[in-house]
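As provided, start.cif (mmCIF, C-alpha atoms) reads as follows.
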```cif
data_entry
#
loop_
_atom_site.label_atom_id
_atom_site.label_comp_id
_atom_site.auth_asym_id
_atom_site.auth_seq_id
_atom_site.Cartn_x
_atom_site.Cartn_y
_atom_site.Cartn_z
CA MET P 1 -70.32 -80.19 42.77
CA PHE P 2 -71.66 -82.36 39.94
CA PHE P 3 -74.12 -85.20 40.03
CA TYR P 4 -74.50 -87.96 37.50
CA ASP P 5 -77.15 -90.64 37.73
CA GLY P 6 -77.90 -89.54 41.31
CA LYS P 7 -74.26 -89.84 42.39
CA ILE P 8 -71.63 -87.22 43.15
CA ILE P 9 -68.81 -87.21 40.61
CA PRO P 10 -65.33 -86.94 42.21
CA LYS P 11 -63.07 -84.12 41.01
CA ASP P 12 -60.45 -86.55 39.58
CA LYS P 13 -63.04 -87.72 37.05
CA PHE P 14 -63.37 -84.26 35.50
CA ILE P 15 -61.91 -83.53 32.03
CA ASP P 16 -59.84 -80.40 31.42
CA VAL P 17 -61.08 -78.59 28.32
CA ASP P 18 -59.62 -75.40 26.93
CA LEU P 19 -62.22 -73.61 24.79
CA LYS P 20 -62.08 -70.01 23.63
CA ASN P 21 -64.93 -68.11 22.01
CA ALA P 22 -67.07 -71.28 21.86
CA ASN P 23 -70.82 -71.22 22.28
CA ILE P 24 -72.56 -73.72 24.57
CA ASP P 25 -73.38 -76.06 21.69
CA GLU P 26 -69.73 -76.25 20.52
CA ALA P 27 -68.51 -76.69 24.09
CA LEU P 28 -70.90 -79.54 24.88
CA ARG P 29 -70.17 -81.25 21.58
CA SER P 30 -66.39 -81.25 22.23
CA VAL P 31 -66.74 -82.30 25.89
CA LEU P 32 -69.16 -85.17 25.23
CA GLU P 33 -67.47 -86.40 22.04
CA GLY P 34 -66.68 -90.12 22.31
CA SER P 35 -68.76 -90.59 25.45
CA SER P 36 -72.02 -92.46 25.95
CA LEU P 37 -73.80 -89.17 26.66
CA THR P 38 -75.89 -86.83 24.55
CA TYR P 39 -77.37 -83.42 25.23
CA THR P 40 -80.28 -81.17 24.30
CA ILE P 41 -80.59 -77.42 24.66
CA ASP P 42 -84.03 -75.94 25.21
CA GLY P 43 -83.76 -72.21 25.77
CA LYS P 44 -81.64 -71.81 28.92
CA ILE P 45 -82.05 -75.44 29.99
CA VAL P 46 -79.35 -77.97 29.08
CA THR P 47 -80.16 -81.65 29.55
CA ILE P 48 -77.43 -84.30 29.43
CA LYS P 49 -78.40 -87.96 29.37
CA LYS P 50 -77.23 -91.38 28.23
CA LYS P 51 -77.49 -92.13 24.51
CA PRO P 52 -80.31 -94.58 23.80
CA LYS P 53 -79.14 -98.07 22.89
CA PRO P 54 -79.92 -99.03 19.29
CA LYS P 55 -82.67 -101.59 18.78
CA ALA P 56 -81.81 -105.09 17.52
CA VAL P 57 -83.31 -104.24 14.11
CA ASP P 58 -81.02 -101.20 13.85
CA ASN P 59 -77.97 -103.37 14.66
CA ASN P 60 -78.82 -105.73 11.79
CA VAL P 61 -79.27 -102.90 9.33
CA VAL P 62 -75.95 -101.34 10.28
CA ALA P 63 -74.13 -104.70 10.33
CA ALA P 64 -75.34 -105.81 6.89
CA GLU P 65 -74.09 -103.79 3.95
CA LEU P 66 -75.81 -104.47 0.63
CA ILE P 67 -73.47 -105.17 -2.28
CA ASP P 68 -73.66 -106.29 -5.90
CA VAL P 69 -71.99 -109.66 -6.51
CA ARG P 70 -70.45 -110.50 -9.90
CA GLY P 71 -68.88 -113.65 -11.21
CA LYS P 72 -68.49 -116.15 -14.04
CA VAL P 73 -69.35 -119.85 -13.93
CA VAL P 74 -67.32 -122.29 -16.03
CA GLY P 75 -66.94 -126.06 -16.29
CA GLU P 76 -63.76 -128.05 -15.71
CA ASP P 77 -62.65 -127.34 -19.28
CA GLY P 78 -63.01 -123.56 -18.78
CA GLU P 79 -66.05 -123.30 -21.08
CA PRO P 80 -68.79 -120.97 -19.77
CA LEU P 81 -71.93 -122.59 -18.37
CA PRO P 82 -74.94 -120.58 -19.59
CA GLY P 83 -78.09 -121.02 -17.52
CA ALA P 84 -76.28 -121.98 -14.29
CA SER P 85 -78.38 -121.21 -11.22
CA ILE P 86 -77.12 -118.76 -8.60
CA PHE P 87 -79.03 -118.51 -5.29
CA VAL P 88 -78.46 -116.46 -2.14
CA LYS P 89 -78.83 -118.93 0.72
CA ASP P 90 -81.83 -118.23 3.02
CA SER P 91 -83.12 -115.56 0.64
CA LYS P 92 -85.36 -115.15 -2.41
CA ILE P 93 -82.56 -113.53 -4.42
CA ALA P 94 -81.57 -115.68 -7.41
CA THR P 95 -80.40 -115.41 -11.01
CA THR P 96 -78.97 -117.45 -13.88
CA THR P 97 -75.82 -116.98 -15.91
CA ASN P 98 -75.90 -115.44 -19.39
CA ASP P 99 -74.48 -117.08 -22.54
CA LYS P 100 -70.95 -116.13 -21.42
CA GLY P 101 -71.45 -117.74 -17.99
CA GLU P 102 -71.56 -114.32 -16.25
CA PHE P 103 -73.99 -113.21 -13.56
CA ILE P 104 -74.81 -110.27 -11.29
CA LEU P 105 -76.73 -110.50 -8.01
CA ARG P 106 -77.91 -107.12 -6.75
CA ASN P 107 -78.45 -105.96 -3.16
CA VAL P 108 -76.94 -108.98 -1.40
CA GLU P 109 -75.90 -108.80 2.26
CA ASP P 110 -72.12 -108.75 2.52
CA LYS P 111 -72.16 -111.70 4.96
CA ALA P 112 -74.41 -113.93 2.84
CA VAL P 113 -73.60 -117.27 1.21
CA ILE P 114 -74.41 -118.15 -2.40
CA LEU P 115 -75.10 -121.51 -4.00
CA VAL P 116 -74.03 -122.16 -7.59
CA GLY P 117 -75.49 -125.13 -9.45
CA TYR P 118 -75.65 -126.60 -12.95
CA VAL P 119 -77.10 -129.90 -14.16
CA GLY P 120 -74.41 -132.59 -14.22
CA TYR P 121 -72.03 -130.60 -11.99
CA GLN P 122 -71.33 -130.62 -8.26
CA PRO P 123 -72.95 -127.54 -6.62
CA GLU P 124 -70.66 -124.95 -4.97
CA GLU P 125 -71.31 -122.92 -1.83
CA LEU P 126 -69.35 -119.65 -1.52
CA ALA P 127 -69.17 -116.62 0.78
CA VAL P 128 -70.12 -113.49 -1.16
CA GLU P 129 -67.64 -110.91 -2.38
CA ARG P 130 -68.11 -108.02 -4.77
CA ASP P 131 -66.17 -109.94 -7.43
CA LEU P 132 -66.17 -113.72 -7.13
CA GLY P 133 -64.08 -114.06 -10.29
CA THR P 134 -64.32 -117.38 -12.14
CA ILE P 135 -66.14 -120.20 -10.37
CA LYS P 136 -65.12 -123.59 -11.75
CA LEU P 137 -67.69 -126.37 -11.26
CA VAL P 138 -66.66 -130.03 -11.18
CA ARG P 139 -68.61 -132.69 -13.11
CA VAL P 140 -70.50 -135.30 -11.12
CA THR P 141 -68.66 -138.58 -11.73
CA GLY P 142 -71.40 -141.09 -10.82
CA LYS P 143 -74.19 -142.21 -13.17
CA LEU P 144 -77.63 -140.80 -12.68
CA GLN P 145 -79.77 -143.69 -11.47
CA GLU P 146 -83.28 -142.31 -11.51
CA VAL P 147 -85.14 -139.08 -12.14
CA GLU P 148 -88.55 -138.49 -10.67
CA VAL P 149 -90.75 -136.23 -12.78
CA THR P 150 -93.61 -134.43 -11.06
CA PHE P 151 -96.20 -132.12 -12.53
CA ASN P 152 -97.28 -129.01 -10.66
CA THR P 153 -100.84 -127.95 -11.51
CA GLY P 154 -100.67 -124.92 -9.25
CA TYR P 155 -102.95 -126.64 -6.76
CA GLU P 156 -101.11 -129.90 -6.22
CA ARG P 157 -98.09 -131.92 -7.30
CA ILE P 158 -98.80 -135.19 -9.06
CA ASP P 159 -96.47 -137.85 -10.38
CA ARG P 160 -96.18 -138.93 -14.02
CA SER P 161 -98.52 -141.92 -13.71
CA ARG P 162 -101.42 -139.73 -12.51
CA SER P 163 -100.96 -137.04 -15.16
CA ALA P 164 -102.79 -136.87 -18.49
CA GLY P 165 -99.99 -134.79 -20.06
CA SER P 166 -96.98 -135.91 -22.05
CA PHE P 167 -93.43 -136.10 -20.68
CA PRO P 168 -90.16 -136.09 -22.60
CA SER P 169 -87.73 -138.90 -21.90
CA LEU P 170 -83.94 -138.84 -21.79
CA ILE P 171 -82.22 -141.84 -23.35
#
```

The structure given in the file should be rewritten as structure tokens.
Amino acid sequence: MFFYDGKIIPKDKFIDVDLKNANIDEALRSVLEGSSLTYTIDGKIVTIKKKPKPKAVDNNVVAAELIDVRGKVVGEDGEPLPGASIFVKDSKIATTTNDKGEFILRNVEDKAVILVGYVGYQPEELAVERDLGTIKLVRVTGKLQEVEVTFNTGYERIDRSRSAGSFPSLI
């Protein structure tokens, strides 16, 4: 008669196992394989119990594989866009493209989303892949109406009229 969790286990729930010349460790491993049970052997005492459920933190670590993401950013004409900004959404991971428009983001979660931006072009939002290939950005068609320039002193942000420094102007 066998008990599990304080209950008697009916005979029809037993598993037939044919083992020859197996030690107790091998036998328990083959019998409990694929079940929600685990065992320990301490001398002549064998303890079988439920496997502990993984913590929420462990689930996130297992679910998120870290990958390196590569790609190339070009304009509508196919010319590379050096200095384009690449950000991983909701993360501090970021980079810029090299002079050929290429970039690499390291250790990015495989389910993350990246943002690609370049001045004068419409930003793109993409799901990450190991190789994003060529990302073509589209020019913004409207005229730029106004640009607000602020100066960051490290302590506060102040606008141009309150600053004693010089500012370049675009004409």

Inset, instruction - Could you tell me which residues the PyMOL selection byres ((chain P and resi 99-105) around 9) returns for this structure, as a PyMOL selection string? - result: chain P and resi 67-74+79-84+86-88+93-98+106-108+134

Inset, instruction - Could you tell me which residues the PyMOL selection byres ((chain P and resi 122-126) around 8) returns for this structure, as a ChimeraX atom specification? - result: /P:113-118,120-121,127-128,137-140

Inset, instruction - Can you work out which one of P:Lys136, P:Asp42, P:Ile48, P:Val119 has the shortest atom-to-atom distance to P:Leu28, counting all atoms listed in the file? - result: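 Closest to P:Leu28 of all the choices is P:Ile48.
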